[in-house]
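Engineer: Got protein.txt for you, compact mmCIF, C-alpha atoms:
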```txt
# COMPACT_ATOMS: atom_id res chain seq x y z
CA MET A 1 7.96 40.32 14.35
CA ALA A 2 5.57 43.22 14.93
CA ARG A 3 1.83 42.64 15.20
CA ARG A 4 -0.97 44.43 13.42
CA ASN A 5 -4.70 43.68 13.74
CA GLY A 6 -3.85 40.77 16.02
CA GLY A 7 -1.92 38.95 13.33
CA PHE A 8 1.71 38.90 12.36
CA ILE A 9 3.21 41.28 9.86
CA GLY A 10 5.46 39.51 7.44
CA GLN A 11 8.67 40.95 6.11
CA ASP A 12 6.68 42.43 3.25
CA GLY A 13 4.62 44.39 5.77
CA LEU A 14 1.30 42.62 5.05
CA ASP A 15 -0.98 40.96 7.55
CA ALA A 16 -1.05 37.28 8.34
CA PRO A 17 -4.17 35.85 10.08
CA ASP A 18 -4.91 35.63 13.77
CA PRO A 19 -4.12 32.23 15.27
CA PRO A 20 -6.77 29.48 15.42
CA THR A 21 -8.56 28.98 18.72
CA GLY A 22 -10.31 26.12 20.52
CA VAL A 23 -7.61 23.60 19.75
CA ALA A 24 -8.26 20.02 20.90
CA ALA A 25 -6.47 16.79 20.00
CA SER A 26 -7.03 13.08 20.58
CA GLY A 27 -6.60 9.78 18.80
CA VAL A 28 -5.29 6.25 18.82
CA GLY A 29 -1.69 6.10 17.64
CA GLN A 30 -2.14 9.52 16.05
CA LEU A 31 -3.73 12.86 16.92
CA SER A 32 -6.77 14.32 15.24
CA VAL A 33 -6.41 18.06 15.88
CA SER A 34 -9.58 20.13 15.76
CA PHE A 35 -9.67 23.93 15.93
CA THR A 36 -11.70 27.01 15.10
CA ALA A 37 -10.49 29.21 12.26
CA PRO A 38 -9.83 32.88 13.15
CA THR A 39 -12.37 35.50 12.21
CA ASP A 40 -9.57 38.01 11.54
CA THR A 41 -7.97 36.53 8.44
CA GLY A 42 -5.51 39.41 7.93
CA THR A 43 -5.43 41.20 4.63
CA SER A 44 -5.91 38.04 2.59
CA ALA A 45 -8.15 34.97 2.77
CA ILE A 46 -6.89 31.97 4.72
CA THR A 47 -5.31 29.42 2.39
CA GLY A 48 -4.61 26.66 4.91
CA PHE A 49 -3.64 25.55 8.38
CA ARG A 50 -0.72 23.70 9.90
CA ALA A 51 -0.84 21.57 13.03
CA GLN A 52 2.27 20.39 14.82
CA ALA A 53 2.84 18.04 17.71
CA SER A 54 6.28 18.72 19.17
CA GLY A 55 7.71 19.31 15.72
CA VAL A 56 5.80 16.61 13.83
CA GLY A 57 3.22 18.25 11.65
CA THR A 58 0.77 18.24 8.82
CA SER A 59 -1.02 20.88 6.74
CA GLY A 60 -4.53 21.10 5.33
CA THR A 61 -7.37 23.41 4.53
CA SER A 62 -9.84 22.68 7.33
CA SER A 63 -10.31 21.21 10.80
CA PRO A 64 -9.52 18.50 11.83
CA LEU A 65 -5.94 17.84 10.78
CA VAL A 66 -4.58 14.36 11.54
CA ILE A 67 -0.96 14.10 12.65
CA THR A 68 0.53 10.65 12.14
CA GLY A 69 3.94 9.22 12.96
CA LEU A 70 3.50 9.77 16.71
CA THR A 71 4.28 7.40 19.57
CA ALA A 72 1.35 6.13 21.60
CA GLY A 73 1.61 7.05 25.27
CA THR A 74 3.91 10.01 24.64
CA SER A 75 2.76 13.53 25.53
CA TYR A 76 3.00 16.11 22.74
CA ASN A 77 2.64 19.89 22.73
CA VAL A 78 0.16 20.69 19.98
CA SER A 79 -0.20 24.05 18.20
CA VAL A 80 -2.03 25.16 15.07
CA TRP A 81 -1.26 28.00 12.66
CA ALA A 82 -3.50 29.72 10.12
CA ILE A 83 -1.90 30.64 6.80
CA ASN A 84 -2.73 33.25 4.18
CA ALA A 85 -0.88 34.68 1.21
CA TYR A 86 1.27 36.73 3.53
CA GLY A 87 2.43 34.01 5.87
CA TYR A 88 1.71 32.13 9.09
CA SER A 89 -0.24 33.44 12.03
CA ALA A 90 1.17 33.33 15.51
CA PRO A 91 0.77 29.80 16.95
CA SER A 92 -2.44 28.94 18.73
CA GLU A 93 -2.34 28.46 22.46
CA ALA A 94 -0.45 25.18 22.91
CA ILE A 95 -2.21 22.21 24.42
CA SER A 96 -0.84 18.88 25.66
CA ALA A 97 -2.20 15.67 24.09
CA THR A 98 -1.21 12.01 24.26
CA PRO A 99 -2.08 9.49 21.52
CA ALA A 100 -3.64 6.40 23.04
CA ALA A 101 -2.19 2.94 22.41
CA ALA A 102 -4.36 0.74 20.23
CA ARG A 103 -5.99 -2.25 21.85
CA GLY A 104 -6.83 -5.46 20.10
CA LEU A 105 -9.88 -7.38 21.29
CA PHE A 106 -10.63 -11.07 20.71
CA ALA A 107 -14.28 -12.02 21.17
CA GLY A 108 -16.44 -15.11 21.22
CA ALA A 109 -15.65 -18.42 19.42
CA TYR A 110 -16.26 -22.08 20.10
CA ASN A 111 -13.94 -24.39 22.01
CA GLY A 112 -16.28 -27.26 22.75
CA ASP A 113 -18.73 -24.72 24.16
CA TYR A 114 -19.80 -21.36 22.81
CA VAL A 115 -17.67 -18.68 24.47
CA ASP A 116 -18.67 -15.18 25.56
CA VAL A 117 -15.16 -14.12 26.54
CA ILE A 118 -13.67 -10.84 25.32
CA ASP A 119 -9.99 -10.39 26.04
CA TYR A 120 -7.59 -7.69 24.99
CA VAL A 121 -3.98 -6.85 24.35
CA SER A 122 -2.06 -3.64 23.77
CA ILE A 123 -0.97 -4.28 20.20
CA ALA A 124 2.26 -2.31 20.43
CA SER A 125 3.46 -4.44 23.36
CA ALA A 126 3.75 -8.20 23.06
CA GLY A 127 2.35 -10.08 26.03
CA ASN A 128 -0.53 -12.18 27.22
CA ALA A 129 -4.12 -11.07 26.85
CA SER A 130 -6.19 -9.80 29.77
CA ASP A 131 -9.86 -10.20 30.56
CA PHE A 132 -12.02 -7.40 29.09
CA GLY A 133 -15.57 -8.58 29.77
CA ASN A 134 -18.24 -10.67 28.10
CA LEU A 135 -20.41 -10.56 25.01
CA THR A 136 -24.14 -10.18 25.55
CA LEU A 137 -24.47 -13.77 24.31
CA ALA A 138 -21.91 -16.57 23.99
CA ARG A 139 -21.48 -17.33 20.32
CA SER A 140 -19.03 -18.10 17.53
CA ASP A 141 -18.58 -17.01 13.91
CA LEU A 142 -19.42 -13.38 14.60
CA ALA A 143 -17.99 -10.31 12.90
CA GLY A 144 -15.85 -7.72 14.62
CA LEU A 145 -14.93 -4.17 13.66
CA GLY A 146 -13.92 -0.99 15.43
CA SER A 147 -13.56 2.76 15.57
CA SER A 148 -11.23 4.87 17.70
CA THR A 149 -13.62 4.42 20.61
CA ARG A 150 -15.80 1.35 20.07
CA ALA A 151 -15.58 -2.26 18.99
CA VAL A 152 -18.73 -3.76 17.51
CA PHE A 153 -19.54 -7.47 17.24
CA ALA A 154 -22.37 -8.77 15.08
CA GLY A 155 -24.11 -11.96 14.07
CA GLY A 156 -22.86 -15.41 14.90
CA GLU A 157 -24.36 -18.66 16.09
CA ASP A 158 -25.03 -20.40 19.39
CA MET B 1 -27.25 -24.05 16.26
CA ALA B 2 -29.11 -20.83 15.70
CA LYS B 3 -28.03 -17.89 13.58
CA LYS B 4 -28.06 -14.55 15.36
CA ASN B 5 -28.84 -10.98 14.32
CA ILE B 6 -27.32 -9.56 17.49
CA ILE B 7 -25.05 -6.53 17.37
CA ASP B 8 -23.27 -5.60 20.58
CA TYR B 9 -20.49 -3.17 21.38
CA VAL B 10 -17.88 -2.22 23.93
CA THR B 11 -15.88 0.92 24.66
CA VAL B 12 -12.37 -0.19 23.80
CA ALA B 13 -10.46 2.11 26.15
CA SER B 14 -12.29 0.70 29.17
CA THR B 15 -13.09 -2.85 30.21
CA GLY B 16 -16.54 -4.28 30.85
CA ASN B 17 -19.30 -6.33 29.36
CA ALA B 18 -20.76 -5.66 25.94
CA SER B 19 -24.00 -3.73 25.51
CA ASP B 20 -26.78 -4.14 22.99
CA PHE B 21 -26.31 -2.03 19.83
CA GLY B 22 -29.17 -3.19 17.61
CA ASP B 23 -29.86 -5.90 15.04
CA LEU B 24 -28.52 -6.93 11.66
CA THR B 25 -31.00 -6.82 8.78
CA ALA B 26 -30.88 -10.64 8.75
CA ALA B 27 -29.61 -13.24 11.21
CA ARG B 28 -26.48 -14.97 9.98
CA ASN B 29 -23.06 -16.29 10.98
CA HIS B 30 -19.67 -16.27 9.24
CA VAL B 31 -20.08 -12.52 8.60
CA GLY B 32 -17.22 -10.21 7.64
CA GLY B 33 -16.74 -6.84 9.33
CA MET B 34 -15.18 -3.67 7.89
CA SER B 35 -14.91 -0.13 9.21
CA ASN B 36 -13.64 3.27 8.10
CA GLY B 37 -13.67 4.39 11.71
CA ILE B 38 -17.12 5.95 11.36
CA ARG B 39 -19.26 3.38 9.55
CA GLY B 40 -19.19 -0.36 10.10
CA VAL B 41 -20.22 -2.75 7.33
CA PHE B 42 -21.20 -6.40 7.87
CA ALA B 43 -20.91 -8.53 4.76
CA GLY B 44 -22.07 -11.93 3.66
CA GLY B 45 -22.65 -14.88 5.94
CA VAL B 46 -24.81 -17.97 6.19
CA ASP B 47 -28.49 -17.26 6.80
CA THR B 48 -31.06 -19.13 8.83
CA ASN B 49 -31.78 -21.40 5.84
CA GLY B 50 -28.14 -22.44 5.66
CA SER B 51 -27.54 -20.49 2.47
CA ASP B 52 -24.65 -18.17 1.79
CA THR B 53 -25.85 -14.60 1.35
CA ASN B 54 -24.76 -11.53 -0.59
CA ILE B 55 -26.11 -9.19 2.06
CA MET B 56 -24.15 -6.18 3.23
CA ASP B 57 -25.58 -3.97 5.94
CA TYR B 58 -24.09 -1.11 7.90
CA VAL B 59 -24.22 0.82 11.14
CA THR B 60 -22.87 4.16 12.31
CA ILE B 61 -20.46 3.02 14.99
CA ALA B 62 -20.85 6.01 17.32
CA THR B 63 -24.61 5.52 17.57
CA THR B 64 -26.77 2.54 18.44
CA GLY B 65 -29.57 1.16 16.31
CA ASN B 66 -30.40 -1.44 13.75
CA ALA B 67 -28.31 -1.99 10.64
CA SER B 68 -29.40 -0.67 7.25
CA ASP B 69 -28.95 -2.12 3.79
CA PHE B 70 -25.60 -1.22 2.18
CA GLY B 71 -25.65 -3.20 -1.07
CA ASN B 72 -24.72 -6.65 -2.30
CA LEU B 73 -21.56 -8.69 -2.62
CA THR B 74 -20.54 -9.68 -6.15
CA ALA B 75 -21.80 -13.16 -5.23
CA ALA B 76 -23.03 -14.83 -2.06
CA HIS B 77 -20.08 -15.51 0.25
CA SER B 78 -19.54 -16.49 3.85
CA ALA B 79 -16.49 -16.93 6.10
CA GLN B 80 -14.49 -14.40 4.14
CA GLY B 81 -11.50 -12.58 5.50
CA SER B 82 -12.23 -8.88 5.78
CA LEU B 83 -10.16 -5.76 6.35
CA SER B 84 -10.44 -2.03 5.78
CA ASN B 85 -8.67 1.29 5.79
CA THR B 86 -10.41 4.64 6.06
CA ILE B 87 -11.55 4.41 2.43
CA ARG B 88 -12.08 0.82 1.33
CA GLY B 89 -13.32 -2.41 2.81
CA VAL B 90 -11.91 -5.56 1.22
CA MET B 91 -13.17 -9.14 1.57
CA ALA B 92 -11.37 -12.26 0.38
CA GLY B 93 -12.02 -15.97 0.05
CA GLY B 94 -14.83 -17.70 1.89
CA TRP B 95 -17.46 -20.21 0.89
CA THR B 96 -19.61 -19.63 -2.16
CA SER B 97 -22.24 -22.33 -1.90
CA THR B 98 -24.60 -23.78 0.63
CA GLY B 99 -23.25 -26.30 3.08
CA ASN B 100 -19.67 -25.10 3.18
CA GLY B 101 -19.27 -26.55 -0.27
CA THR B 102 -16.85 -24.53 -2.33
CA HIS B 103 -13.93 -22.40 -1.29
CA SER B 104 -13.26 -19.12 -3.09
CA ASN B 105 -10.18 -17.09 -3.99
CA VAL B 106 -12.26 -14.04 -4.93
CA ILE B 107 -11.30 -10.65 -3.49
CA GLN B 108 -13.93 -7.92 -3.66
CA TYR B 109 -14.13 -4.42 -2.23
CA ILE B 110 -16.44 -1.60 -1.26
CA THR B 111 -16.06 2.09 -0.54
CA VAL B 112 -17.17 2.10 3.08
CA ALA B 113 -18.51 5.67 3.15
CA THR B 114 -20.74 5.07 0.12
CA THR B 115 -23.52 2.52 -0.06
CA GLY B 116 -23.53 0.30 -3.11
CA ASN B 117 -22.58 -3.10 -4.40
CA ALA B 118 -19.14 -4.65 -4.08
CA SER B 119 -16.72 -4.72 -7.02
CA ASP B 120 -14.12 -7.27 -8.08
CA PHE B 121 -10.65 -6.64 -6.68
CA GLY B 122 -8.45 -9.55 -7.75
CA ASP B 123 -7.71 -13.03 -6.46
CA LEU B 124 -5.96 -14.72 -3.57
CA THR B 125 -3.14 -17.03 -4.69
CA GLU B 126 -5.15 -19.97 -3.29
CA LYS B 127 -8.71 -20.58 -2.23
CA ALA B 128 -9.23 -19.89 1.45
CA THR B 129 -11.95 -19.79 4.05
CA ARG B 130 -12.39 -18.92 7.74
CA LEU B 131 -9.52 -16.44 7.39
CA GLY B 132 -9.05 -13.03 8.96
CA GLY B 133 -7.71 -9.71 7.80
CA CYS B 134 -6.05 -6.57 9.09
CA ALA B 135 -4.70 -3.42 7.49
CA SER B 136 -2.53 -0.35 7.60
CA SER B 137 -3.61 2.74 5.73
CA THR B 138 -2.17 1.24 2.54
CA ARG B 139 -1.69 -2.54 2.88
CA GLY B 140 -4.10 -5.32 3.75
CA VAL B 141 -3.04 -8.71 5.09
CA PHE B 142 -5.08 -11.94 5.08
CA CYS B 143 -4.16 -14.94 7.25
CA GLY B 144 -5.40 -17.30 9.93
CA GLY B 145 -7.58 -19.41 7.65
CA ALA B 146 -7.72 -22.69 5.81
CA TRP B 147 -6.08 -22.35 2.41
CA GLY B 148 -5.73 -24.85 -0.40
CA THR B 149 -6.12 -25.59 -4.05
CA GLY B 150 -8.90 -28.14 -3.62
CA SER B 151 -12.49 -27.29 -4.37
CA THR B 152 -13.90 -28.28 -1.03
CA THR B 153 -11.19 -28.27 1.61
CA GLY B 154 -8.21 -26.20 2.55
CA ASN B 155 -5.13 -27.94 3.81
CA ASP B 156 -2.64 -25.11 4.37
CA TYR B 157 -3.10 -23.05 7.46
CA ASP B 158 0.06 -20.98 7.86
CA ILE B 159 -0.29 -18.76 4.78
CA ILE B 160 -0.09 -14.96 5.05
CA GLU B 161 -0.80 -12.88 1.94
CA TYR B 162 -1.10 -9.16 1.33
CA ILE B 163 -2.68 -6.69 -1.03
CA THR B 164 -2.26 -2.99 -1.74
CA ILE B 165 -5.67 -1.66 -0.81
CA ALA B 166 -5.75 1.27 -3.24
CA THR B 167 -5.21 -1.05 -6.20
CA THR B 168 -7.35 -3.91 -7.44
CA GLY B 169 -4.69 -6.57 -7.93
CA ASN B 170 -4.03 -10.10 -6.83
CA SER B 171 -2.58 -10.94 -3.44
CA THR B 172 1.11 -11.66 -2.89
CA ASP B 173 2.92 -13.97 -0.49
CA PHE B 174 3.81 -12.25 2.79
CA GLY B 175 5.27 -15.05 4.92
CA ASP B 176 4.09 -17.80 7.24
CA LEU B 177 2.41 -18.17 10.58
CA SER B 178 4.30 -20.46 12.96
CA ARG B 179 1.29 -22.68 13.62
CA ASN B 180 -1.31 -24.52 11.60
CA PHE B 181 -4.61 -23.28 12.98
CA TRP B 182 -7.57 -21.73 11.19
CA SER B 183 -10.59 -19.65 12.16
CA SER B 184 -8.33 -17.26 14.06
CA GLY B 185 -9.07 -13.67 15.04
CA VAL B 186 -6.97 -11.06 13.22
CA THR B 187 -6.62 -7.33 13.89
CA SER B 188 -3.96 -4.61 13.99
CA ASN B 189 -2.94 -1.16 15.17
CA SER B 190 -2.13 -0.34 11.52
CA VAL B 191 1.56 -1.13 12.16
CA THR B 192 1.52 -4.55 13.81
CA GLY B 193 -0.93 -7.29 12.86
CA ILE B 194 -1.89 -9.87 15.48
CA VAL B 195 -3.43 -13.32 14.94
CA GLY B 196 -4.98 -15.08 17.91
CA GLY B 197 -6.55 -18.45 18.62
CA GLY B 198 -7.62 -21.03 16.09
CA TYR B 199 -8.52 -24.66 15.60
CA ASN B 200 -6.64 -27.42 13.76
CA GLY B 201 -9.31 -30.11 13.69
CA SER B 202 -8.50 -31.48 17.11
CA THR B 203 -6.99 -28.71 19.26
CA TYR B 204 -7.95 -25.18 20.15
CA THR B 205 -5.03 -22.81 20.65
CA ASN B 206 -4.41 -19.74 22.78
CA ILE B 207 -1.41 -18.61 20.73
CA ILE B 208 -1.20 -15.00 19.55
CA GLU B 209 1.34 -14.17 16.86
CA GLN B 210 2.39 -10.86 15.33
CA PHE B 211 3.85 -9.45 12.14
CA THR B 212 4.80 -6.01 10.84
CA ILE B 213 2.28 -5.08 8.14
CA ALA B 214 4.64 -2.86 6.15
CA SER B 215 7.22 -5.61 5.82
CA THR B 216 7.07 -9.19 4.65
CA GLY B 217 8.23 -12.20 6.63
CA ASN B 218 7.12 -14.82 9.07
CA ALA B 219 5.04 -14.13 12.16
CA THR B 220 6.59 -14.24 15.63
CA ASP B 221 5.21 -14.98 19.07
CA PHE B 222 3.16 -12.24 20.78
CA GLY B 223 1.57 -13.92 23.82
CA ASP B 224 -1.45 -16.01 24.80
CA LEU B 225 -5.22 -15.53 24.90
CA THR B 226 -6.90 -15.91 28.28
CA VAL B 227 -8.88 -18.88 26.93
CA ALA B 228 -7.86 -21.25 24.13
CA ARG B 229 -10.53 -21.11 21.48
CA GLY B 230 -10.78 -21.15 17.77
CA ILE B 231 -13.80 -21.87 15.72
CA GLY B 232 -15.34 -18.56 14.79
CA LEU B 233 -13.11 -16.29 16.88
CA THR B 234 -13.26 -12.63 15.85
CA ALA B 235 -11.04 -9.68 16.60
CA ALA B 236 -11.28 -5.90 16.41
CA SER B 237 -9.26 -2.90 17.50
CA ASN B 238 -9.67 0.80 18.12
CA ALA B 239 -7.29 1.34 15.20
CA ASP B 240 -9.65 -0.40 12.78
CA GLY B 241 -9.89 1.46 9.53
CA GLY B 242 -6.14 1.32 9.08
CA ILE B 243 -5.48 4.71 10.63
```
Taking this structure as input, can you express it in the form of structure tokens?

Structural biologist:
Amino acid sequence: MARRNGGFIGQDGLDAPDPPTGVAASGVGQLSVSFTAPTDTGTSAITGFRAQASGVGTSGTSSPLVITGLTAGTSYNVSVWAINAYGYSAPSEAISATPAAARGLFAGAYNGDYVDVIDYVSIASAGNASDFGNLTLARSDLAGLGSSTRAVFAGGED
Amino acid sequence: MAKKNIIDYVTVASTGNASDFGDLTAARNHVGGMSNGIRGVFAGGVDTNGSDTNIMDYVTIATTGNASDFGNLTAAHSAQGSLSNTIRGVMAGGWTSTGNGTHSNVIQYITVATTGNASDFGDLTEKATRLGGCASSTRGVFCGGAWGTGSTTGNDYDIIEYITIATTGNSTDFGDLSRNFWSSGVTSNSVTGIVGGGYNGSTYTNIIEQFTIASTGNATDFGDLTVARGIGLTAASNADGGI
């Protein structure tokens, strides 16, 4: 297709947007794809975006877009498109991103003594746990929760 | 034994010792934990007077600092199973009176991103305590506890039940664990749930079992913990929030 004003010209001869820039992607078992919308929106306002990781994609109206259904530990080529009434932009500059495998952590407890052990497993792969480290204080009956980066342990007794 | 208000944290992708995060609004044990991946909520527990509490407090996981008030449970509970997806946190079972007196089959839920009191969700098929929970983006699974129909003691330990998180209905039978231990740690990667450790009244176990959250059926062997332990074991993952 021919270009005009940096965007694509659809078959109807009208401008699509410029591609998004600043694409970055990370996540655990999925990819959260962030990007910057183009300032040149073509001849119509941007109506949405599409992000794809080696053919697996999702659409939405703002950054970030979360692509699910990916395999942890596999490298994907990630691109993002801007969309207006006249069609898709050219793809953004492709980046390579790999969803991390989720870890499960077991922490604390009582086994005759209060325990400060934290051990971990890769949940997608059956196998024995490995040593992770220690709690700040040996204790049982604590709460655990997590985010994509941290696990937090609270309360308990010793 | 002394109740603690400690909050500590680790970076899951690395290994290493935990660091201080801050303090709960009140020291307590038998607390439930729920996360939407951004906010963590700590619910219920037994306070320093030995009383079950209705306290819920929260932290922003990416920061450090003391917890803030979130709201109240529908009634004071401790030793509930807890799970969450990116929208809701759900708590089930537990004790509802001082001194580990009465087991509960109550399920209640919160919207993690919004402070406020918990609402009724439905009921477990049996009363249960010291159980754990894990979730996918749509389904929550409770297991690893002491279940039973009696008012004061559970006597079934292999039960696995599930809920559909977006609804507010009763739980349904999922399958069975292969072993009879309670007070296990339960977590997931949103696809596979894992249940580790536990206590059966005389023995602590290092067994970890697994199940596929989207299916139903019995759990199968996963591996072993580094140390057999059970009473009050907790678990978490970097997929918490049911991504």

Engineer: Please identify every residue of chain B that has at least one atom no more than 7 Å from any atom of chain A, counting all atoms listed in the file, and report them as JSON, numbers by chain.

Structural biologist: {"B": [1, 2, 3, 4, 5, 6, 7, 8, 9, 10, 11, 12, 13, 15, 16, 17, 18, 19, 27, 28, 29, 30, 31, 32, 33, 34, 35, 37, 38, 40, 61, 185, 187, 188, 189, 192, 204, 222, 223, 224, 225, 226, 229, 230, 231, 232, 233, 234, 235, 236, 237, 238, 239, 240]}

Engineer: Enclose stretch 125-128 of chain A, meaning all of its atoms listed in the file, in a box aligned along x, y and z, pad it by 8 Å on each side, and list the centre and edge lengths in Å to one decimal, as JSON.

Structural biologist:
```
{"center_x": 1.6, "center_y": -8.3, "center_z": 25.1, "size_x": 20.3, "size_y": 23.7, "size_z": 20.2}
```

Engineer: Just to confirm, what's the straight-line distance from atom CA of B:Thr86 to atom CA of B:Gly144 in Å (one decimal)?

Structural biologist: 22.8 Å

Engineer: So which residues touch B:Ile160 within 8 Å, counting all atoms listed in the file, skipping near sequence neighbours fewer than 2 positions away, as a PyMOL selection string?

Structural biologist: chain B and resi 141-144+158+162+173-177

Engineer: Which residues are near A:Val33? Cut-off 9 Å, all atoms listed in the file, ignore same chain within fewer than 6 positions. Put them as a PDB file with C-alpha atoms, in the coordinates of the input.

Structural biologist:
```
ATOM      1  CA  VAL A  23      -7.610  23.600  19.750  1.00  0.00           C
ATOM      2  CA  ALA A  24      -8.260  20.020  20.900  1.00  0.00           C
ATOM      3  CA  ALA A  25      -6.470  16.790  20.000  1.00  0.00           C
ATOM      4  CA  SER A  26      -7.030  13.080  20.580  1.00  0.00           C
ATOM      5  CA  GLY A  27      -6.600   9.780  18.800  1.00  0.00           C
ATOM      6  CA  ALA A  51      -0.840  21.570  13.030  1.00  0.00           C
ATOM      7  CA  SER A  63     -10.310  21.210  10.800  1.00  0.00           C
ATOM      8  CA  PRO A  64      -9.520  18.500  11.830  1.00  0.00           C
ATOM      9  CA  LEU A  65      -5.940  17.840  10.780  1.00  0.00           C
ATOM     10  CA  VAL A  66      -4.580  14.360  11.540  1.00  0.00           C
ATOM     11  CA  ILE A  67      -0.960  14.100  12.650  1.00  0.00           C
ATOM     12  CA  VAL A  78       0.160  20.690  19.980  1.00  0.00           C
ATOM     13  CA  SER A  79      -0.200  24.050  18.200  1.00  0.00           C
ATOM     14  CA  VAL A  80      -2.030  25.160  15.070  1.00  0.00           C
TER      15      VAL A  80
END
```

Engineer: Please determine, counting all atoms listed in the file, which residue among B:Tyr199, B:Ser178, B:Met91, B:Ser68 has the shortest atom-to-atom distance to B:Gly122.

Structural biologist: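 Result for the nearest residue to B:Gly122: B:Met91.
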
Engineer: Give me, please, the distance in Å between atom CA of B:Asn170 and atom CA of B:Leu73, quoted to one decimal.

Structural biologist: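 Taking atom CA of B:Asn170 as the start and atom CA of B:Leu73 as the end point, the length is 18.1 Å.
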
Engineer: Residues at most 6 Å from B:Phe181, counting only C-alpha atoms, excluding those fewer than 4 positions away in the same chain, as a list in words?

Structural biologist: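 Near B:Phe181, the qualifying residues are Tyr157, Gly198, Tyr199 and Asn200 of chain B.
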
Engineer: Just how far from atom CA of A:Gly22 is atom CA of A:Trp81, in Å to one decimal?

Structural biologist: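 The value is 12.1 Å.
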
Engineer: Counting all atoms listed in the file, find residues at most 9 Å from (5.5, 19.4, 28.0) (file frame) and give them as a PyMOL selection string.

Structural biologist: chain A and resi 54+75-77+95-96

Engineer: Near B:Ile163, counting all atoms listed in the file, which residues have an atom at most 6 Å away, once you skip same-chain residues fewer than 3 positions from it, shown as a VMD selection string?

Structural biologist: chain B and resid 139 to 140 171

Engineer: I'd like the contact shell of A:Ser44 - 9 Å cut-off, only C-alpha atoms, skipping same-chain residues fewer than 3 positions apart - returned as a PyMOL selection string.

Structural biologist: chain A and resi 14-17+41+47+84-86

Engineer: Anything within 12 Å of (-25.1, -3.4, 4.4): list those residues as number ranges by chain, counting all atoms listed in the file and sticking to the file's coordinates.

Structural biologist: B: 23-26, 31-35, 39-45, 53-60, 66-73, 89, 110-118

Engineer: How would the residues just chosen look if you wrote them out with C-alpha atoms as a PDB file, keeping the file's coordinate frame?

Structural biologist:
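For reference, out-v3.pdb as written:
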```pdb
ATOM      1  CA  ASP B  23     -29.860  -5.900  15.040  1.00  0.00           C
ATOM      2  CA  LEU B  24     -28.520  -6.930  11.660  1.00  0.00           C
ATOM      3  CA  THR B  25     -31.000  -6.820   8.780  1.00  0.00           C
ATOM      4  CA  ALA B  26     -30.880 -10.640   8.750  1.00  0.00           C
ATOM      5  CA  VAL B  31     -20.080 -12.520   8.600  1.00  0.00           C
ATOM      6  CA  GLY B  32     -17.220 -10.210   7.640  1.00  0.00           C
ATOM      7  CA  GLY B  33     -16.740  -6.840   9.330  1.00  0.00           C
ATOM      8  CA  MET B  34     -15.180  -3.670   7.890  1.00  0.00           C
ATOM      9  CA  SER B  35     -14.910  -0.130   9.210  1.00  0.00           C
ATOM     10  CA  ARG B  39     -19.260   3.380   9.550  1.00  0.00           C
ATOM     11  CA  GLY B  40     -19.190  -0.360  10.100  1.00  0.00           C
ATOM     12  CA  VAL B  41     -20.220  -2.750   7.330  1.00  0.00           C
ATOM     13  CA  PHE B  42     -21.200  -6.400   7.870  1.00  0.00           C
ATOM     14  CA  ALA B  43     -20.910  -8.530   4.760  1.00  0.00           C
ATOM     15  CA  GLY B  44     -22.070 -11.930   3.660  1.00  0.00           C
ATOM     16  CA  GLY B  45     -22.650 -14.880   5.940  1.00  0.00           C
ATOM     17  CA  THR B  53     -25.850 -14.600   1.350  1.00  0.00           C
ATOM     18  CA  ASN B  54     -24.760 -11.530  -0.590  1.00  0.00           C
ATOM     19  CA  ILE B  55     -26.110  -9.190   2.060  1.00  0.00           C
ATOM     20  CA  MET B  56     -24.150  -6.180   3.230  1.00  0.00           C
ATOM     21  CA  ASP B  57     -25.580  -3.970   5.940  1.00  0.00           C
ATOM     22  CA  TYR B  58     -24.090  -1.110   7.900  1.00  0.00           C
ATOM     23  CA  VAL B  59     -24.220   0.820  11.140  1.00  0.00           C
ATOM     24  CA  THR B  60     -22.870   4.160  12.310  1.00  0.00           C
ATOM     25  CA  ASN B  66     -30.400  -1.440  13.750  1.00  0.00           C
ATOM     26  CA  ALA B  67     -28.310  -1.990  10.640  1.00  0.00           C
ATOM     27  CA  SER B  68     -29.400  -0.670   7.250  1.00  0.00           C
ATOM     28  CA  ASP B  69     -28.950  -2.120   3.790  1.00  0.00           C
ATOM     29  CA  PHE B  70     -25.600  -1.220   2.180  1.00  0.00           C
ATOM     30  CA  GLY B  71     -25.650  -3.200  -1.070  1.00  0.00           C
ATOM     31  CA  ASN B  72     -24.720  -6.650  -2.300  1.00  0.00           C
ATOM     32  CA  LEU B  73     -21.560  -8.690  -2.620  1.00  0.00           C
ATOM     33  CA  GLY B  89     -13.320  -2.410   2.810  1.00  0.00           C
ATOM     34  CA  ILE B 110     -16.440  -1.600  -1.260  1.00  0.00           C
ATOM     35  CA  THR B 111     -16.060   2.090  -0.540  1.00  0.00           C
ATOM     36  CA  VAL B 112     -17.170   2.100   3.080  1.00  0.00           C
ATOM     37  CA  ALA B 113     -18.510   5.670   3.150  1.00  0.00           C
ATOM     38  CA  THR B 114     -20.740   5.070   0.120  1.00  0.00           C
ATOM     39  CA  THR B 115     -23.520   2.520  -0.060  1.00  0.00           C
ATOM     40  CA  GLY B 116     -23.530   0.300  -3.110  1.00  0.00           C
ATOM     41  CA  ASN B 117     -22.580  -3.100  -4.400  1.00  0.00           C
ATOM     42  CA  ALA B 118     -19.140  -4.650  -4.080  1.00  0.00           C
TER      43      ALA B 118
END
```
